[in-house]
Amino acid sequence: MKIAILVDELAPGSAPKLIGQPLRNLKKMGHTCEAVVLVDNGSRQRFPDVYDYHLKDVKIRYLFNEAPAWLKRIDFKFPGFSFFSLHHILSLFVAPILIKKEEYDIIVAHCQYSAFACWGLKILRKIPYLLLVWDPSTYTLKKIYTKTRLRFIYPLLYIFAFILDKVSTIGARALITSGSLHHERFKKITFKNLEDLYPGCFPSSVFVPYSQRERAILTFDRWDIGNKPSVFLELLKNIDPGIKLKIGGFWHPNSLKEDFLLEVGKQNLQERVELLGPLNEDKIKELCSKVILHLHPNEEAFGMQTLEAASCGCCVIIPRGSGVTDLFTHSVHGFFPYKNDFSELVKYVKIIFSDIAKSEVMGRGAWEIAKKYTWERYALRLEQILRRYVSE
C-alpha cells in the first residue's frame, strides 16, 4: 500500500513518535510510506534530539512548502486559538492541487484540523482517509477554553466545534481511537466504525529494583493553557517532604514556565522541584528507570507517558477512564483515581511511598503488561485496519 500520515504540523510532545514509529515499521513491512505535514513550524530544527530519534529516515513532505510563497505568508491563527489557523482552511483547496490522484492508496489524518485537507483529497482525488482522533472538539473546548477569556463566547465556539467534529468524521471511512474513554461521545457524532489502536512504547529490557530508585515523582508533558502543572505544587505540600518532583516537557507559551517557577519560589519548594526541559526517548527511559512513581493528573484519551513509565517499571497514577487504563487493573498495576479528586490523588501517592515493597510488585506487574505494547505491534494493528478500509 501507498500510505500517508497527514498532520497539520510536527507539534512538540508525542507527535514525532506517533508519526515516525508507525511509518518506519510500515516501511519495514513493505509499504511505501511518508508523512504529509501542512506547515513546517520549525520545532524539529529547534529540538533535533527529540525529533530525530523518531523521524530519522522518514520521508516528510511539507505541503505548503510546495505552494506559492505568497500563500505561505498569509497564514494567521484565529483569535484565541492556540493552533487553528487559516492554513487549515486553505488546505482544503491546496492539498488536491499538489497531491495527484492515486498518489496514495489511503491516508491516516491525525486530528480534526487535518481533515480539511483530506476532505479535498477525498472529493477531488478520490483518496480515502481514516481519522485518528484523540478527543472530540467539543470535549477539548469545554476542558480548555472555558478557563480562558473565550468562555464569554462559549456557545458560539461550541457550535463551531460540533461542526468541526461532524465534518471531519463524515468524510472518514472510520475513526481510529486510543481507548474507550470517548466512544459514547463519538457515537453521538457519527455512525462510522470505531477502531481502537493503542500507542506503543520502548520497554526496558531490565527491571530496576525500587531499592535503587529515587523517592521522586516524575511527570512530563506538553504544558499549555489547558494543562498547567500547578496541582503538583499543592501535592508536594501534602506528602512527605523527602519526596521530590521531576518535571519535563515542552512549555507553550514559555511564559507558563516562568509563572510556574515564580510559584515554586513563593511556596519555598525550590529544593524539591527539578525542571528537566524537553526529553528525548533515551532520557525518558533513563528517568523512568530511576524514580518510583510517574504521575499524570489529567484525564487523557490515552496517556502515552503512563505506558512509557510502566514499560520501565514505574508505579503509575492517571485518572480513571483514560485510554491507557484499559490495559491495566486498578490497585494491581497502578492507581486510577477519579479525575479532579485531589484527596484521592494524595491518598494514592502516600500509599505508594509508604510501602515500597508492595509498590515494587505493582510496578513489576505493570512492566510485564506494558512490554507487549511495542511500536511494532502498533504498526501491525494499523496495517490490519488500513487493509479493511483501503478498497471499501
# chains A, B, ... in the order shown; residues from 1 in each chain; ligands from 1
$ residues_around --residues "segment 29-36 of chain A" --least-positions-apart "5" --cutoff "9 Å" --atoms "only C-alpha atoms" --output "VMD selection string"
chain A and resid 1 to 8 19 to 20 23 to 24 58 to 63 104 379 to 380
$ closest_residue --among "A:Leu181, A:Leu327, A:Met304, A:Leu130" --to "Ala15 of chain A" --atoms "only C-alpha atoms"
A:Met304
$ closest_residue --among "A:Phe232, A:Tyr348, A:Phe202, A:Trp251" --to "Leu307 of chain A" --atoms "only C-alpha atoms"
A:Phe202
$ residues_around --residues "segment 160-174 of chain A" --least-positions-apart "2" --cutoff "9 Å" --atoms "only C-alpha atoms" --output "MDAnalysis selection string"
chainID A and resid 109 111:116 118:119 122 128:132 136:141 155:158 176 186 189:195 389:390 392
$ write_last_selection --atoms "N, CA and C atoms" --output "compact mmCIF listing (two decimals), in the first residue's frame"
# COMPACT_ATOMS: atom_id res chain seq x y z
N ALA A 109 -5.39 10.61 8.75
CA ALA A 109 -5.38 12.02 9.17
C ALA A 109 -5.35 12.08 10.69
N CYS A 111 -6.14 13.98 13.84
CA CYS A 111 -6.94 15.03 14.46
C CYS A 111 -7.80 15.78 13.45
N GLN A 112 -8.79 16.48 14.00
CA GLN A 112 -9.83 17.08 13.18
C GLN A 112 -9.32 18.15 12.23
N TYR A 113 -8.34 18.97 12.65
CA TYR A 113 -7.87 20.05 11.79
C TYR A 113 -7.28 19.53 10.49
N SER A 114 -6.71 18.33 10.51
CA SER A 114 -6.10 17.76 9.31
C SER A 114 -7.16 17.29 8.31
N ALA A 115 -8.39 17.17 8.76
CA ALA A 115 -9.44 16.62 7.91
C ALA A 115 -9.84 17.57 6.79
N PHE A 116 -9.55 18.88 6.93
CA PHE A 116 -9.86 19.80 5.83
C PHE A 116 -9.14 19.37 4.56
N CYS A 118 -7.92 16.45 3.90
CA CYS A 118 -8.39 15.12 3.48
C CYS A 118 -9.75 15.18 2.79
N TRP A 119 -10.58 16.12 3.20
CA TRP A 119 -11.87 16.30 2.53
C TRP A 119 -11.65 16.66 1.07
N LYS A 122 -10.39 13.63 -0.79
CA LYS A 122 -11.45 12.62 -0.95
C LYS A 122 -12.37 13.00 -2.11
N PRO A 128 -9.16 7.88 -0.12
CA PRO A 128 -9.88 7.71 1.15
C PRO A 128 -8.99 8.04 2.35
N TYR A 129 -9.65 8.35 3.45
CA TYR A 129 -8.88 8.61 4.68
C TYR A 129 -9.59 8.05 5.90
N LEU A 130 -8.78 7.71 6.89
CA LEU A 130 -9.25 7.37 8.23
C LEU A 130 -8.86 8.51 9.15
N LEU A 131 -9.68 8.79 10.12
CA LEU A 131 -9.39 9.88 11.06
C LEU A 131 -8.92 9.30 12.38
N LEU A 132 -7.65 9.53 12.71
CA LEU A 132 -7.12 9.17 14.02
C LEU A 132 -7.38 10.35 14.95
N PRO A 136 -12.98 14.48 21.13
CA PRO A 136 -13.91 15.30 20.36
C PRO A 136 -13.61 16.78 20.58
N SER A 137 -13.78 17.58 19.54
CA SER A 137 -13.50 19.02 19.67
C SER A 137 -14.36 19.66 20.75
N THR A 138 -15.59 19.19 20.89
CA THR A 138 -16.48 19.75 21.91
C THR A 138 -15.95 19.46 23.32
N TYR A 139 -15.35 18.30 23.50
CA TYR A 139 -14.75 17.93 24.79
C TYR A 139 -13.55 18.82 25.08
N THR A 140 -12.68 18.99 24.08
CA THR A 140 -11.49 19.84 24.25
C THR A 140 -11.90 21.28 24.55
N LEU A 141 -12.92 21.75 23.85
CA LEU A 141 -13.39 23.12 24.06
C LEU A 141 -13.81 23.34 25.51
N PRO A 155 -20.92 29.46 23.77
CA PRO A 155 -21.97 28.85 22.95
C PRO A 155 -21.66 28.90 21.46
N LEU A 156 -21.11 30.01 21.00
CA LEU A 156 -20.75 30.14 19.58
C LEU A 156 -19.62 29.18 19.22
N LEU A 157 -18.62 29.11 20.09
CA LEU A 157 -17.49 28.22 19.84
C LEU A 157 -17.93 26.75 19.87
N TYR A 158 -18.89 26.44 20.72
CA TYR A 158 -19.38 25.06 20.80
C TYR A 158 -20.01 24.64 19.47
N ILE A 176 -10.18 6.07 14.15
CA ILE A 176 -9.22 5.33 14.95
C ILE A 176 -9.11 6.03 16.29
N PHE A 186 -18.32 9.83 20.62
CA PHE A 186 -18.17 9.71 19.17
C PHE A 186 -19.39 9.07 18.54
N ILE A 189 -21.79 11.53 17.53
CA ILE A 189 -21.34 12.39 16.44
C ILE A 189 -21.44 11.68 15.09
N THR A 190 -21.14 10.37 15.07
CA THR A 190 -21.05 9.64 13.81
C THR A 190 -21.47 8.18 13.99
N PHE A 191 -21.87 7.58 12.87
CA PHE A 191 -22.18 6.14 12.86
C PHE A 191 -21.01 5.33 12.31
N LYS A 192 -19.89 5.99 12.04
CA LYS A 192 -18.73 5.29 11.49
C LYS A 192 -18.14 4.32 12.52
N ASN A 193 -17.46 3.30 12.02
CA ASN A 193 -16.82 2.33 12.91
C ASN A 193 -15.74 3.00 13.75
N LEU A 194 -15.60 2.53 14.98
CA LEU A 194 -14.53 2.99 15.87
C LEU A 194 -13.52 1.86 16.01
N GLU A 195 -12.29 2.13 15.62
CA GLU A 195 -11.22 1.14 15.68
C GLU A 195 -10.23 1.54 16.77
N TYR A 389 -10.16 -1.00 5.05
CA TYR A 389 -10.86 0.17 4.52
C TYR A 389 -10.29 0.72 3.22
N VAL A 390 -9.12 0.25 2.79
CA VAL A 390 -8.47 0.86 1.64
C VAL A 390 -9.26 0.66 0.35
N GLU A 392 -12.63 -0.20 0.25
CA GLU A 392 -14.06 -0.24 0.59
C GLU A 392 -14.89 0.47 -0.47
$ select_by_dssp --residues "segment 277-320 of chain A" --states "strand (DSSP E or B)" --output "PyMOL selection string"
chain A and resi 277+291-295+315-317
$ write_last_selection --atoms "N, CA and C atoms" --output "PDB file, in the first residue's frame"
ATOM      1  N   GLY A 277      13.185  20.139  31.157  1.00  0.00           N
ATOM      2  CA  GLY A 277      13.125  20.538  29.756  1.00  0.00           C
ATOM      3  C   GLY A 277      12.596  19.414  28.875  1.00  0.00           C
ATOM      4  N   VAL A 291      13.147   6.523  39.051  1.00  0.00           N
ATOM      5  CA  VAL A 291      12.202   7.021  40.052  1.00  0.00           C
ATOM      6  C   VAL A 291      11.160   5.952  40.355  1.00  0.00           C
ATOM      7  N   ILE A 292      10.441   6.151  41.440  1.00  0.00           N
ATOM      8  CA  ILE A 292       9.434   5.170  41.867  1.00  0.00           C
ATOM      9  C   ILE A 292       8.078   5.410  41.216  1.00  0.00           C
ATOM     10  N   LEU A 293       7.696   6.675  41.061  1.00  0.00           N
ATOM     11  CA  LEU A 293       6.330   6.983  40.628  1.00  0.00           C
ATOM     12  C   LEU A 293       6.306   7.917  39.429  1.00  0.00           C
ATOM     13  N   HIS A 294       5.464   7.573  38.462  1.00  0.00           N
ATOM     14  CA  HIS A 294       5.091   8.512  37.401  1.00  0.00           C
ATOM     15  C   HIS A 294       3.636   8.900  37.629  1.00  0.00           C
ATOM     16  N   LEU A 295       3.381  10.197  37.656  1.00  0.00           N
ATOM     17  CA  LEU A 295       2.030  10.695  37.930  1.00  0.00           C
ATOM     18  C   LEU A 295       1.588  11.609  36.799  1.00  0.00           C
ATOM     19  N   CYS A 315       5.724   2.731  39.155  1.00  0.00           N
ATOM     20  CA  CYS A 315       4.334   2.811  39.588  1.00  0.00           C
ATOM     21  C   CYS A 315       3.691   3.959  38.819  1.00  0.00           C
ATOM     22  N   VAL A 316       2.413   3.823  38.484  1.00  0.00           N
ATOM     23  CA  VAL A 316       1.753   4.857  37.688  1.00  0.00           C
ATOM     24  C   VAL A 316       0.430   5.265  38.322  1.00  0.00           C
ATOM     25  N   ILE A 317       0.144   6.561  38.200  1.00  0.00           N
ATOM     26  CA  ILE A 317      -1.149   7.116  38.602  1.00  0.00           C
ATOM     27  C   ILE A 317      -1.647   7.978  37.457  1.00  0.00           C
TER      28      ILE A 317
END
$ select_by_dssp --residues "segment 64-171 of chain A" --states "alpha helix (DSSP H)" --output "ChimeraX atom specification"
/A:69-73,86-98,115-125,137-144,154-170
$ atom_distance --atom1 "atom CA of Gly248 of chain A" --atom2 "atom CA of Pro278 of chain A"
5.9 Å
$ residues_around --residues "segment 328-337 of chain A" --least-positions-apart "4" --cutoff "7 Å" --atoms "only C-alpha atoms" --output "PDB file with C-alpha atoms, in the first residue's frame"
ATOM      1  CA  CYS A 315       4.334   2.811  39.588  1.00  0.00           C
ATOM      2  CA  VAL A 316       1.753   4.857  37.688  1.00  0.00           C
ATOM      3  CA  ILE A 317      -1.149   7.116  38.602  1.00  0.00           C
ATOM      4  CA  ILE A 318      -3.531   8.550  35.996  1.00  0.00           C
ATOM      5  CA  PRO A 319      -7.266   9.381  36.189  1.00  0.00           C
ATOM      6  CA  ARG A 320      -9.701   6.512  35.786  1.00  0.00           C
ATOM      7  CA  ASP A 341     -10.339  14.193  43.034  1.00  0.00           C
ATOM      8  CA  GLU A 344      -7.810  10.566  46.351  1.00  0.00           C
ATOM      9  CA  LEU A 345      -4.693  11.542  44.407  1.00  0.00           C
ATOM     10  CA  TYR A 348      -2.567   7.004  46.420  1.00  0.00           C
ATOM     11  CA  MET A 362       2.770  -3.272  41.351  1.00  0.00           C
ATOM     12  CA  GLY A 363       5.425  -1.682  39.147  1.00  0.00           C
ATOM     13  CA  GLY A 365       3.246  -6.198  37.082  1.00  0.00           C
ATOM     14  CA  ALA A 366       2.682  -3.059  35.017  1.00  0.00           C
TER      15      ALA A 366
END
$ atom_distance --atom1 "atom CA of His182 of chain A" --atom2 "atom CA of Cys314 of chain A"
26.5 Å
$ atom_distance --atom1 "atom CA of Ile369 of chain A" --atom2 "atom CA of Ser311 of chain A"
7.9 Å
$ residues_around --residues "Asn268 of chain A" --least-positions-apart "6" --cutoff "12 Å" --atoms "only C-alpha atoms" --output "list in words"
Leu233, Glu234, Leu236, Lys237, Pro241, Leu261 and Leu262 of chain A
$ residues_around --residues "Arg215 of chain A" --least-positions-apart "4" --cutoff "10 Å" --atoms "only C-alpha atoms" --output "list in words"
Tyr210, Ser211, Asp240, Gly242, Ile243, Lys244, Leu245, Lys290, Val291, Ile292, Leu293, Phe353 and Ile356 of chain A
$ closest_residue --among "A:Leu38, A:Ala310, A:Leu175, A:Val349" --to "Asn238 of chain A" --atoms "only C-alpha atoms"
A:Val349
$ closest_residue --among "A:Val324, A:Ile107, A:Leu275, A:Leu92" --to "Glu300 of chain A" --atoms "only C-alpha atoms"
A:Val324
